[in-house]
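Participant: Below is the file target.pdb, which contains PDB, C-alpha atoms and all ligand atoms.
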ATOM      1  CA  MET K  28      42.086 -18.144  43.227
ATOM      2  CA  ARG K  29      39.015 -19.437  41.401
ATOM      3  CA  VAL K  30      37.024 -16.473  42.612
ATOM      4  CA  LEU K  31      39.713 -14.116  41.306
ATOM      5  CA  ILE K  32      39.722 -15.821  37.906
ATOM      6  CA  ALA K  33      35.942 -15.664  37.802
ATOM      7  CA  ILE K  34      36.015 -11.943  38.625
ATOM      8  CA  LEU K  35      38.666 -11.275  35.959
ATOM      9  CA  LEU K  36      36.689 -13.250  33.389
ATOM     10  CA  PHE K  37      33.568 -11.314  34.326
ATOM     11  CA  ILE K  38      35.389  -7.974  33.941
ATOM     12  CA  GLY K  39      36.932  -9.119  30.650
ATOM     13  CA  ALA K  40      33.544 -10.127  29.297
ATOM     14  CA  GLY K  41      32.136  -6.771  30.392
ATOM     15  CA  VAL K  42      34.893  -4.829  28.619
ATOM     16  CA  TYR K  43      34.381  -6.907  25.485
ATOM     17  CA  TRP K  44      30.609  -6.428  25.595
ATOM     18  CA  LEU K  45      30.753  -2.666  26.267
ATOM     19  CA  ILE K  46      33.729  -1.532  24.206
ATOM     20  CA  LEU K  47      35.118  -4.142  21.849
ATOM     21  CA  ASP K  48      32.122  -5.840  20.239
ATOM     22  CA  GLY K  49      30.779  -4.109  17.128
ATOM     23  CA  SER K  50      29.492  -7.210  15.396
ATOM     24  CA  THR K  51      26.451  -7.055  13.144
ATOM     25  CA  PRO K  52      24.046  -9.861  12.208
ATOM     26  CA  ASN K  53      25.090 -11.935   9.180
ATOM     27  CA  ASP K  54      21.654 -11.419   7.704
ATOM     28  CA  ALA K  55      20.753  -7.747   7.907
ATOM     29  CA  ALA K  56      16.987  -8.443   7.742
ATOM     30  CA  TYR K  57      16.773  -4.758   6.905
ATOM     31  CA  LYS K  58      16.386  -3.023   3.568
ATOM     32  CA  PHE K  59      16.773   0.657   2.885
ATOM     33  CA  PRO K  60      13.821   1.795   0.737
ATOM     34  CA  LEU K  61      16.082   2.590  -2.218
ATOM     35  CA  ALA K  62      13.743   1.092  -4.807
ATOM     36  CA  GLU K  63      10.929   3.313  -3.571
ATOM     37  CA  MET K  64      13.174   6.376  -3.489
ATOM     38  CA  ARG K  65      14.446   5.688  -7.018
ATOM     39  CA  ALA K  66      10.886   5.202  -8.262
ATOM     40  CA  LEU K  67       9.991   8.639  -6.878
ATOM     41  CA  ILE K  68      13.009  10.187  -8.612
ATOM     42  CA  ASP K  69      12.334   8.318 -11.877
ATOM     43  CA  ALA K  70       8.702   9.435 -11.953
ATOM     44  CA  ASP K  71       9.634  13.112 -11.887
ATOM     45  CA  GLU K  72      10.684  14.772 -15.126
ATOM     46  CA  GLY K  73      12.238  17.916 -13.669
ATOM     47  CA  PRO K  74      15.908  18.759 -14.260
ATOM     48  CA  LEU K  75      18.278  16.865 -11.978
ATOM     49  CA  PRO K  76      20.590  18.769  -9.616
ATOM     50  CA  ALA K  77      23.775  20.086 -11.208
ATOM     51  CA  ALA K  78      26.007  19.381  -8.226
ATOM     52  CA  LEU K  79      26.342  18.240  -4.633
ATOM     53  CA  ASN K  80      28.592  20.475  -2.541
ATOM     54  CA  LEU K  81      30.198  19.865   0.843
ATOM     55  CA  GLU K  82      30.917  22.411   3.539
ATOM     56  CA  ILE K  83      33.090  21.357   6.499
ATOM     57  CA  ILE K  84      32.200  23.713   9.336
ATOM     58  CA  SER K  85      34.410  22.231  12.013
ATOM     59  CA  THR K  86      36.710  19.294  12.581
ATOM     60  CA  ASP K  87      37.759  17.222  15.552
ATOM     61  CA  GLU K  88      39.439  13.954  16.397
ATOM     62  CA  ALA K  89      38.238  10.992  18.431
ATOM     63  CA  PRO K  90      39.855   7.642  19.165
ATOM     64  CA  LEU K  91      38.929   5.330  16.301
ATOM     65  CA  LEU K  92      37.387   2.896  18.794
ATOM     66  CA  ALA K  93      34.506   5.359  19.305
ATOM     67  CA  ALA K  94      33.529   4.872  15.672
ATOM     68  CA  HIS K  95      34.679   1.295  15.282
ATOM     69  CA  ALA K  96      34.456  -0.939  18.341
ATOM     70  CA  GLY K  97      37.734  -2.593  19.271
ATOM     71  CA  LEU K  98      41.239  -1.754  20.452
ATOM     72  CA  HIS K  99      41.805   1.091  18.006
ATOM     73  CA  PHE K 100      43.545   4.036  19.627
ATOM     74  CA  LYS K 101      44.727   5.923  16.564
ATOM     75  CA  PRO K 102      42.809   9.164  15.970
ATOM     76  CA  PHE K 103      39.740   9.223  13.729
ATOM     77  CA  PRO K 104      39.426  12.646  12.023
ATOM     78  CA  LEU K 105      35.838  13.892  12.275
ATOM     79  CA  ALA K 106      34.184  16.570  10.144
ATOM     80  CA  MET K 107      31.019  18.478  11.084
ATOM     81  CA  THR K 108      29.355  18.927   7.718
ATOM     82  CA  SER K 109      26.558  20.348   5.639
ATOM     83  CA  PHE K 110      25.582  19.392   2.077
ATOM     84  CA  GLN K 111      24.169  21.639  -0.638
ATOM     85  CA  VAL K 112      22.143  20.119  -3.480
ATOM     86  CA  LYS K 113      22.306  22.567  -6.400
ATOM     87  CA  GLY K 114      18.817  22.251  -7.870
ATOM     88  CA  ALA K 115      17.312  24.031 -10.850
ATOM     89  CA  GLU K 116      14.246  24.862  -8.747
ATOM     90  CA  GLY K 117      16.238  25.965  -5.680
ATOM     91  CA  ASP K 118      18.945  24.466  -3.524
ATOM     92  CA  ILE K 119      18.382  22.044  -0.676
ATOM     93  CA  ILE K 120      20.681  22.215   2.342
ATOM     94  CA  ILE K 121      21.095  19.070   4.424
ATOM     95  CA  GLY K 122      22.717  19.352   7.836
ATOM     96  CA  GLY K 123      23.366  22.266  10.194
ATOM     97  CA  ALA K 124      26.612  21.216  11.920
ATOM     98  CA  MET K 125      27.462  23.266  15.047
ATOM     99  CA  ASP K 126      27.982  26.954  15.596
ATOM    100  CA  LYS K 127      30.967  28.378  17.454
ATOM    101  CA  THR K 128      29.219  28.581  20.844
ATOM    102  CA  LEU K 129      28.691  24.821  20.794
ATOM    103  CA  TYR K 130      32.199  24.303  19.604
ATOM    104  CA  ASP K 131      33.956  24.800  22.940
ATOM    105  CA  PRO K 132      37.667  24.490  22.152
ATOM    106  CA  THR K 133      38.465  23.368  25.701
ATOM    107  CA  LYS K 134      36.408  20.235  25.109
ATOM    108  CA  ARG K 135      37.973  19.528  21.723
ATOM    109  CA  SER K 136      41.084  17.698  20.599
ATOM    110  CA  ASP K 137      44.300  19.635  19.950
ATOM    111  CA  ASN K 138      43.868  19.464  16.197
ATOM    112  CA  ALA K 139      40.220  20.618  16.178
ATOM    113  CA  THR K 140      39.219  23.515  13.921
ATOM    114  CA  PHE K 141      36.213  25.792  13.424
ATOM    115  CA  SER K 142      35.744  27.790  10.216
ATOM    116  CA  ASP K 143      33.840  31.054  10.606
ATOM    117  CA  PRO K 144      33.696  31.558   6.806
ATOM    118  CA  ALA K 145      32.309  28.039   6.284
ATOM    119  CA  TYR K 146      29.602  28.560   8.932
ATOM    120  CA  ARG K 147      28.713  31.895   7.313
ATOM    121  CA  ARG K 148      28.559  30.296   3.845
ATOM    122  CA  MET K 149      26.229  27.624   5.241
ATOM    123  CA  LEU K 150      23.908  30.228   6.771
ATOM    124  CA  ASP K 151      23.889  32.278   3.545
ATOM    125  CA  ALA K 152      23.115  29.161   1.495
ATOM    126  CA  MET K 153      20.321  28.254   3.934
ATOM    127  CA  ARG K 154      18.844  31.749   3.594
ATOM    128  CA  ASP K 155      18.862  31.402  -0.208
ATOM    129  CA  SER K 156      17.688  27.766  -0.253
ATOM    130  CA  GLY K 157      14.401  26.148  -1.160
ATOM    131  CA  ALA K 158      14.517  23.944   1.933
ATOM    132  CA  ILE K 159      16.724  23.036   4.908
ATOM    133  CA  LEU K 160      16.679  19.481   6.269
ATOM    134  CA  ILE K 161      18.875  17.379   8.546
ATOM    135  CA  THR K 162      19.838  13.709   8.668
ATOM    136  CA  HIS K 163      18.958  13.658  12.373
ATOM    137  CA  GLU K 164      18.328  15.753  15.437
ATOM    138  CA  HIS K 165      21.662  15.579  17.276
ATOM    139  CA  ILE K 166      23.646  18.620  18.415
ATOM    140  CA  ASP K 167      26.302  18.372  15.673
ATOM    141  CA  HIS K 168      23.613  18.393  12.939
ATOM    142  CA  LEU K 169      20.985  20.735  14.330
ATOM    143  CA  GLY K 170      22.946  22.910  16.782
ATOM    144  CA  GLY K 171      24.207  25.248  14.063
ATOM    145  CA  ILE K 172      20.594  25.925  13.051
ATOM    146  CA  VAL K 173      19.207  26.279  16.578
ATOM    147  CA  ARG K 174      21.950  28.761  17.528
ATOM    148  CA  ALA K 175      22.101  30.618  14.217
ATOM    149  CA  PRO K 176      22.333  34.410  14.611
ATOM    150  CA  ASP K 177      19.305  34.901  12.346
ATOM    151  CA  PRO K 178      16.649  32.288  13.256
ATOM    152  CA  ALA K 179      13.801  34.262  11.681
ATOM    153  CA  VAL K 180      15.613  34.110   8.333
ATOM    154  CA  LEU K 181      16.096  30.326   8.489
ATOM    155  CA  ALA K 182      12.768  29.310  10.043
ATOM    156  CA  PRO K 183      10.642  29.607   6.862
ATOM    157  CA  HIS K 184      13.042  27.224   5.061
ATOM    158  CA  LEU K 185      13.138  24.520   7.756
ATOM    159  CA  MET K 186      11.602  21.189   6.870
ATOM    160  CA  LEU K 187      11.912  19.200  10.086
ATOM    161  CA  SER K 188       9.920  16.268  11.416
ATOM    162  CA  ALA K 189       8.245  16.251  14.826
ATOM    163  CA  PRO K 190      11.011  14.209  16.544
ATOM    164  CA  GLN K 191      13.610  16.563  15.083
ATOM    165  CA  ILE K 192      11.783  19.690  16.244
ATOM    166  CA  SER K 193      11.306  18.218  19.726
ATOM    167  CA  THR K 194      15.070  18.307  20.433
ATOM    168  CA  MET K 195      15.592  21.949  19.423
ATOM    169  CA  ALA K 196      14.863  23.537  22.812
ATOM    170  CA  GLY K 197      17.464  21.300  24.460
ATOM    171  CA  LEU K 198      20.147  22.581  22.079
ATOM    172  CA  ALA K 199      19.381  26.272  22.607
ATOM    173  CA  ALA K 200      21.646  28.754  24.408
ATOM    174  CA  THR K 201      20.754  29.975  27.923
ATOM    175  CA  GLY K 202      18.231  32.499  26.596
ATOM    176  CA  GLY K 203      16.065  29.637  25.382
ATOM    177  CA  LEU K 204      14.801  28.659  21.953
ATOM    178  CA  ALA K 205      14.433  31.535  19.473
ATOM    179  CA  ALA K 206      10.850  32.709  19.056
ATOM    180  CA  ALA K 207      11.019  31.970  15.321
ATOM    181  CA  TYR K 208      11.573  28.278  16.086
ATOM    182  CA  LYS K 209       8.764  27.933  18.636
ATOM    183  CA  SER K 210       5.931  27.643  16.151
ATOM    184  CA  LEU K 211       7.480  25.422  13.464
ATOM    185  CA  THR K 212       5.023  23.185  11.669
ATOM    186  CA  PRO K 213       6.367  19.607  11.562
ATOM    187  CA  ALA K 214       6.952  18.255   8.064
ATOM    188  CA  ASN K 215       5.536  14.852   7.264
ATOM    189  CA  LEU K 216       8.688  12.802   6.656
ATOM    190  CA  SER K 217       7.275   9.494   7.880
ATOM    191  CA  SER K 218       7.555   7.740   4.511
ATOM    192  CA  PRO K 219       9.767   8.073   1.401
ATOM    193  CA  ARG K 220       9.195  11.420  -0.229
ATOM    194  CA  LEU K 221      10.489  13.361  -3.217
ATOM    195  CA  LEU K 222      11.813  16.762  -2.143
ATOM    196  CA  ALA K 223      12.842  18.042  -5.565
ATOM    197  CA  PRO K 224      13.888  16.481  -8.870
ATOM    198  CA  GLY K 225      16.653  14.002  -8.067
ATOM    199  CA  VAL K 226      16.287  14.293  -4.272
ATOM    200  CA  ALA K 227      14.380  11.806  -2.112
ATOM    201  CA  VAL K 228      14.279  11.353   1.656
ATOM    202  CA  ALA K 229      13.191   8.328   3.704
ATOM    203  CA  PRO K 230      12.927   7.686   7.451
ATOM    204  CA  THR K 231      15.530   5.330   8.957
ATOM    205  CA  PRO K 232      15.056   5.555  12.739
ATOM    206  CA  GLY K 233      17.716   3.790  14.803
ATOM    207  CA  HIS K 234      20.596   6.160  15.605
ATOM    208  CA  SER K 235      17.836   8.552  16.695
ATOM    209  CA  PRO K 236      14.034   8.564  16.302
ATOM    210  CA  GLY K 237      14.234  11.270  13.615
ATOM    211  CA  SER K 238      17.086   9.767  11.556
ATOM    212  CA  GLN K 239      16.613   9.730   7.793
ATOM    213  CA  ILE K 240      18.590   9.090   4.612
ATOM    214  CA  PHE K 241      18.698  11.110   1.393
ATOM    215  CA  LEU K 242      19.160   9.727  -2.114
ATOM    216  CA  ILE K 243      20.491  12.306  -4.557
ATOM    217  CA  ARG K 244      20.915  11.791  -8.301
ATOM    218  CA  THR K 245      22.831  14.520 -10.107
ATOM    219  CA  ASP K 246      22.508  15.325 -13.805
ATOM    220  CA  ASN K 247      25.596  13.263 -14.693
ATOM    221  CA  GLY K 248      23.771  10.175 -13.380
ATOM    222  CA  GLN K 249      25.844   9.846 -10.207
ATOM    223  CA  GLU K 250      23.857   8.754  -7.161
ATOM    224  CA  TYR K 251      24.707   9.614  -3.558
ATOM    225  CA  LEU K 252      23.224   8.250  -0.346
ATOM    226  CA  LEU K 253      23.507  10.519   2.683
ATOM    227  CA  ILE K 254      23.467   8.137   5.628
ATOM    228  CA  GLY K 255      23.920  10.584   8.508
ATOM    229  CA  ASP K 256      25.374   8.857  11.550
ATOM    230  CA  ILE K 257      24.277   5.275  10.913
ATOM    231  CA  VAL K 258      28.050   4.888  10.755
ATOM    232  CA  TRP K 259      30.717   7.492  11.376
ATOM    233  CA  ALA K 260      33.392   5.844   9.262
ATOM    234  CA  MET K 261      33.340   4.099   5.891
ATOM    235  CA  ASN K 262      35.459   1.514   7.660
ATOM    236  CA  ASN K 263      32.282   0.455   9.517
ATOM    237  CA  VAL K 264      30.582  -0.195   6.185
ATOM    238  CA  GLU K 265      33.544  -2.110   4.759
ATOM    239  CA  LYS K 266      33.891  -4.315   7.833
ATOM    240  CA  ALA K 267      30.164  -4.469   8.723
ATOM    241  CA  TRP K 268      31.198  -3.458  12.216
ATOM    242  CA  GLY K 269      29.475  -0.920  14.479
ATOM    243  CA  ARG K 270      30.150   1.399  17.389
ATOM    244  CA  PRO K 271      30.765   0.237  20.991
ATOM    245  CA  ARG K 272      27.688  -0.464  23.129
ATOM    246  CA  LEU K 273      29.078   1.954  25.732
ATOM    247  CA  LEU K 274      28.476   4.853  23.336
ATOM    248  CA  GLN K 275      25.275   3.469  21.898
ATOM    249  CA  TYR K 276      23.600   2.911  25.235
ATOM    250  CA  ILE K 277      24.949   5.714  27.399
ATOM    251  CA  PHE K 278      25.490   8.680  25.110
ATOM    252  CA  PHE K 279      23.116   8.257  22.181
ATOM    253  CA  LYS K 280      20.453   5.896  23.459
ATOM    254  CA  GLU K 281      20.423   4.317  20.030
ATOM    255  CA  ASP K 282      18.196   1.457  19.025
ATOM    256  CA  ARG K 283      21.311  -0.682  18.833
ATOM    257  CA  ALA K 284      19.771  -3.766  17.260
ATOM    258  CA  GLN K 285      18.293  -1.631  14.486
ATOM    259  CA  VAL K 286      21.550   0.279  13.867
ATOM    260  CA  GLN K 287      23.540  -2.976  13.664
ATOM    261  CA  ARG K 288      21.075  -4.268  11.054
ATOM    262  CA  GLN K 289      21.436  -1.010   9.133
ATOM    263  CA  VAL K 290      25.246  -1.219   9.248
ATOM    264  CA  ARG K 291      25.064  -4.740   7.811
ATOM    265  CA  ALA K 292      22.580  -3.546   5.180
ATOM    266  CA  LEU K 293      24.973  -0.725   4.199
ATOM    267  CA  HIS K 294      27.784  -3.257   3.913
ATOM    268  CA  ASP K 295      25.643  -5.444   1.643
ATOM    269  CA  LEU K 296      24.556  -2.396  -0.372
ATOM    270  CA  SER K 297      28.142  -1.229  -0.890
ATOM    271  CA  LEU K 298      28.981  -4.629  -2.381
ATOM    272  CA  ALA K 299      25.845  -4.809  -4.525
ATOM    273  CA  GLU K 300      26.119  -1.213  -5.757
ATOM    274  CA  PRO K 301      29.760  -0.108  -5.782
ATOM    275  CA  ASP K 302      28.923   2.973  -7.891
ATOM    276  CA  LEU K 303      26.543   4.391  -5.285
ATOM    277  CA  ILE K 304      28.530   6.920  -3.231
ATOM    278  CA  LEU K 305      27.792   6.609   0.490
ATOM    279  CA  LEU K 306      28.125   9.810   2.484
ATOM    280  CA  PRO K 307      28.461   9.398   6.241
ATOM    281  CA  SER K 308      28.289  12.832   7.892
ATOM    282  CA  HIS K 309      31.594  12.731   9.723
ATOM    283  CA  ASP K 310      34.240  10.649   7.896
ATOM    284  CA  LYS K 311      36.648  13.473   7.032
ATOM    285  CA  ALA K 312      39.211  11.368   5.159
ATOM    286  CA  TRP K 313      36.515   9.846   2.927
ATOM    287  CA  LEU K 314      34.818  13.195   2.271
ATOM    288  CA  ASP K 315      38.174  14.866   1.508
ATOM    289  CA  GLU K 316      38.919  12.097  -0.984
ATOM    290  CA  LEU K 317      35.566  12.650  -2.725
ATOM    291  CA  VAL K 318      36.291  16.387  -3.013
ATOM    292  CA  ASN K 319      39.807  15.689  -4.307
ATOM    293  CA  THR K 320      38.434  13.359  -6.990
ATOM    294  CA  ASP K 321      35.674  15.843  -7.986
ATOM    295  CA  LYS K 322      32.858  13.590  -6.756
ATOM    296  CA  LEU K 323      31.772  16.355  -4.370
ATOM    297  CA  GLY K 324      31.965  20.113  -4.818
ATOM    298  CA  GLU K 325      34.158  21.929  -2.318
ATOM    299  CA  ASN K 326      32.319  24.639  -0.353
ATOM    300  CA  PHE K 327      28.842  26.023  -0.989
ATOM    301  CA  GLN K 328      28.277  28.092  -4.093
TER     302      GLN K 328
HETATM  303 ZN    ZN X   1      26.824  13.380  14.247
END
Translate the structure described by the file into structure tokens.

Facilitator:
Amino acid sequence: MRVLIAILLFIGAGVYWLILDGSTPNDAAYKFPLAEMRALIDADEGPLPAALNLEIISTDEAPLLAAHAGLHFKPFPLAMTSFQVKGAEGDIIIGGAMDKTLYDPTKRSDNATFSDPAYRRMLDAMRDSGAILITHEHIDHLGGIVRAPDPAVLAPHLMLSAPQISTMAGLAATGGLAAAYKSLTPANLSSPRLLAPGVAVAPTPGHSPGSQIFLIRTDNGQEYLLIGDIVWAMNNVEKAWGRPRLLQYIFFKEDRAQVQRQVRALHDLSLAEPDLILLPSHDKAWLDELVNTDKLGENFQ
């Protein structure tokens, strides 16, 4: 009997450790380099971007517990997104989502969608942009670029770091990586950098080695922080609660300790700066709300 109880306790502890525990340290001991990014933006006198637009290329659903560790079985609506900064000196596109070949409907939830027009608008905006960047090098952020029908058109605009470029071949279709992507010169994104007036990027490795955040200040003074996949849901920020270890260790090979510190730091930041709009890549309900309240532009222009 004691052995059985011990085994059950052991299994229970394992389930808790792998799936239910999303706790973050009380003291983040981590600071996003916002002051440095703001100083870069402040020091530039160019005209600030007129708008920040959102394109939702595809949608899906996952159990909420994937985003927010715990016994949450209700569906979490996911959006695969791209952002367009409308700059006076050229637009910047952030995020490449997935193309249709990566979006295999048989592996998706019943309510999943893919928008051909949205993917086309993203590609057109990339072609016309000053630069294309990503928050990180995972399939749902870089796949739509790797598998684009016109790689030679996009390649000159790509501004990717070495760790981001290194994953491209693994995301390519069976024919291999497009020739246009084989000789990309890595961009130096290893420290905070101004990309254009009102747009700064800074490295935040953790979710992946090439993860980075973007601070965008539009000409009405509104600031946005694109946080990629540090969290999937704003709920994680509100509760200072992360993803399950099972996902972090097996599927993403995240630096979990670092991501948990970042989640806590985002929580602290959201309390200290309630006017700063946080933009996780995938939280569809939150992004829809921002579009509905005119905080984000709907579709690329
Ligand atoms: Zn993602």

Participant: Using all atoms listed in the file, which residues have at least one atom no more than 8 Å from ligand ZN 1 (chain X)? Output them as an mmCIF file with C-alpha atoms, in the coordinates of the input.

Facilitator:
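Contents of the output file pocket.cif:
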data_model
loop_
_atom_site.group_PDB
_atom_site.id
_atom_site.type_symbol
_atom_site.label_atom_id
_atom_site.label_comp_id
_atom_site.auth_asym_id
_atom_site.auth_seq_id
_atom_site.Cartn_x
_atom_site.Cartn_y
_atom_site.Cartn_z
ATOM 1 C CA MET K 107 31.019 18.478 11.084
ATOM 2 C CA HIS K 165 21.662 15.579 17.276
ATOM 3 C CA ILE K 166 23.646 18.620 18.415
ATOM 4 C CA ASP K 167 26.302 18.372 15.673
ATOM 5 C CA HIS K 168 23.613 18.393 12.939
ATOM 6 C CA GLY K 255 23.920 10.584 8.508
ATOM 7 C CA ASP K 256 25.374 8.857 11.550
ATOM 8 C CA TRP K 259 30.717 7.492 11.376
ATOM 9 C CA SER K 308 28.289 12.832 7.892
ATOM 10 C CA HIS K 309 31.594 12.731 9.723
#

Participant: My list of candidates is K:Lys266, K:Ile304, K:Gly233, K:Thr108. Which is closest to K:Tyr57 when distances are computed with all atoms listed in the file?

Facilitator: K:Gly233

Participant: Which residues, written as a VMD selection string, have at least one atom at most 6 Å from stretch 244-248 of chain K, with all atoms listed in the file counted and residues fewer than 5 positions away on the same chain left out?

Facilitator: chain K and resid 75 to 77 225

Participant: As a ChimeraX atom specification, please: the residues near K:Ala152 (cut-off 9 Å, all atoms listed in the file, same-chain neighbours under 4 positions excluded).

Facilitator: /K:111,118-120,147-148,156,327-328

Participant: Expand the PyMOL selection byres (((chain K and resi 52) around 12) and not hetatm) into the explicit residue set it covers here, and present it as a ChimeraX atom specification.

Facilitator: /K:49-51,53-57,267-269,283-292,294-295

Participant: What's around K:Ala106 at 8 Å? Count all atoms listed in the file, leave out sequence neighbours fewer than 5 positions away in its own chain, and write the answer as a PyMOL selection string.

Facilitator: chain K and resi 83-87+308-311

Participant: For the selection you just gave me, I'd like the residues written to a file as a PDB file, in the coordinates of the input, keeping C-alpha atoms.

Facilitator:
ATOM      1  CA  ILE K  83      33.090  21.357   6.499  1.00  0.00           C
ATOM      2  CA  ILE K  84      32.200  23.713   9.336  1.00  0.00           C
ATOM      3  CA  SER K  85      34.410  22.231  12.013  1.00  0.00           C
ATOM      4  CA  THR K  86      36.710  19.294  12.581  1.00  0.00           C
ATOM      5  CA  ASP K  87      37.759  17.222  15.552  1.00  0.00           C
ATOM      6  CA  SER K 308      28.289  12.832   7.892  1.00  0.00           C
ATOM      7  CA  HIS K 309      31.594  12.731   9.723  1.00  0.00           C
ATOM      8  CA  ASP K 310      34.240  10.649   7.896  1.00  0.00           C
ATOM      9  CA  LYS K 311      36.648  13.473   7.032  1.00  0.00           C
TER      10      LYS K 311
END

Participant: I would like the residues chosen by the PyMOL selection byres (((chain K and resi 89-95) around 10) and not hetatm) on the shown file; could you give them as a CSV table (one decimal) with C-alpha atoms, in the coordinates of the input?

Facilitator:
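Final file, expr_14.csv:
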chain,number,residue,atom,x,y,z
K,46,ILE,CA,33.7,-1.5,24.2
K,47,LEU,CA,35.1,-4.1,21.8
K,48,ASP,CA,32.1,-5.8,20.2
K,49,GLY,CA,30.8,-4.1,17.1
K,50,SER,CA,29.5,-7.2,15.4
K,87,ASP,CA,37.8,17.2,15.6
K,88,GLU,CA,39.4,14.0,16.4
K,96,ALA,CA,34.5,-0.9,18.3
K,97,GLY,CA,37.7,-2.6,19.3
K,98,LEU,CA,41.2,-1.8,20.5
K,99,HIS,CA,41.8,1.1,18.0
K,100,PHE,CA,43.5,4.0,19.6
K,101,LYS,CA,44.7,5.9,16.6
K,102,PRO,CA,42.8,9.2,16.0
K,103,PHE,CA,39.7,9.2,13.7
K,104,PRO,CA,39.4,12.6,12.0
K,105,LEU,CA,35.8,13.9,12.3
K,135,ARG,CA,38.0,19.5,21.7
K,136,SER,CA,41.1,17.7,20.6
K,256,ASP,CA,25.4,8.9,11.6
K,258,VAL,CA,28.0,4.9,10.8
K,259,TRP,CA,30.7,7.5,11.4
K,260,ALA,CA,33.4,5.8,9.3
K,261,MET,CA,33.3,4.1,5.9
K,262,ASN,CA,35.5,1.5,7.7
K,263,ASN,CA,32.3,0.5,9.5
K,266,LYS,CA,33.9,-4.3,7.8
K,267,ALA,CA,30.2,-4.5,8.7
K,268,TRP,CA,31.2,-3.5,12.2
K,269,GLY,CA,29.5,-0.9,14.5
K,270,ARG,CA,30.2,1.4,17.4
K,271,PRO,CA,30.8,0.2,21.0
K,272,ARG,CA,27.7,-0.5,23.1
K,273,LEU,CA,29.1,2.0,25.7
K,274,LEU,CA,28.5,4.9,23.3
K,275,GLN,CA,25.3,3.5,21.9
K,310,ASP,CA,34.2,10.6,7.9

Participant: What separation in Å, quoted to one decimal, exists between atom CA of K:Tyr130 and atom CA of K:Gly202?

Facilitator: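 Atom-to-atom, atom CA of K:Tyr130 and atom CA of K:Gly202 are spaced 17.6 Å apart.
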
Participant: Please evaluate the PyMOL selection byres (((chain K and resi 61) around 12) and not hetatm) against the structure above and give the resulting residues as a PyMOL selection string.

Facilitator: chain K and resi 57-60+62-69+219-220+226-231+240-243+250-253+292-293+296+300+303

Participant: Hey, what's within 8 Å of K:Asn80 if we count all atoms listed in the file and toss same-chain stuff fewer than 5 positions away? As JSON, numbers by chain, please?

Facilitator: {"K": [110, 111, 112, 113, 323, 324, 325, 326, 327, 328]}

Participant: Any idea what the distance is between atom CA of K:Leu169 and atom CA of K:Leu129?

Facilitator: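 Rounded to one decimal, the two atoms are 10.9 Å apart.
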
Participant: Residues at most 8 Å from K:Leu185, counting all atoms listed in the file, excluding those fewer than 2 positions away in the same chain, as a ChimeraX atom specification?

Facilitator: /K:158-160,181-183,187

Participant: Record the distance separating atom CA of K:Ala207 and atom CA of K:Gly114, expressed in Å with one decimal.

Facilitator: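 Separation between atom CA of K:Ala207 and atom CA of K:Gly114: 26.3 Å.
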
Participant: Around all the atoms of stretch 116-134 of chain K listed in the file, draw an axis-aligned box and extend it by 8 Å on each of the six sides; I want its centre and edge lengths in Å to one decimal, as JSON.

Facilitator:
{"center_x": 26.4, "center_y": 23.8, "center_z": 8.5, "size_x": 40.2, "size_y": 25.5, "size_z": 50.4}

Participant: Choose the residue, out of K:Pro224, K:Pro144, K:Pro232, K:Pro213, that has the smallest atom-to-atom separation from K:Ala115; count all atoms listed in the file.

Facilitator: K:Pro224

Participant: Ranking K:Asn215, K:Asn319, K:Ser210, K:Gln249 by minimum distance to K:Ala189 and counting all atoms listed in the file, which one comes first?

Facilitator: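 Of all the options, K:Asn215 lies closest to K:Ala189.
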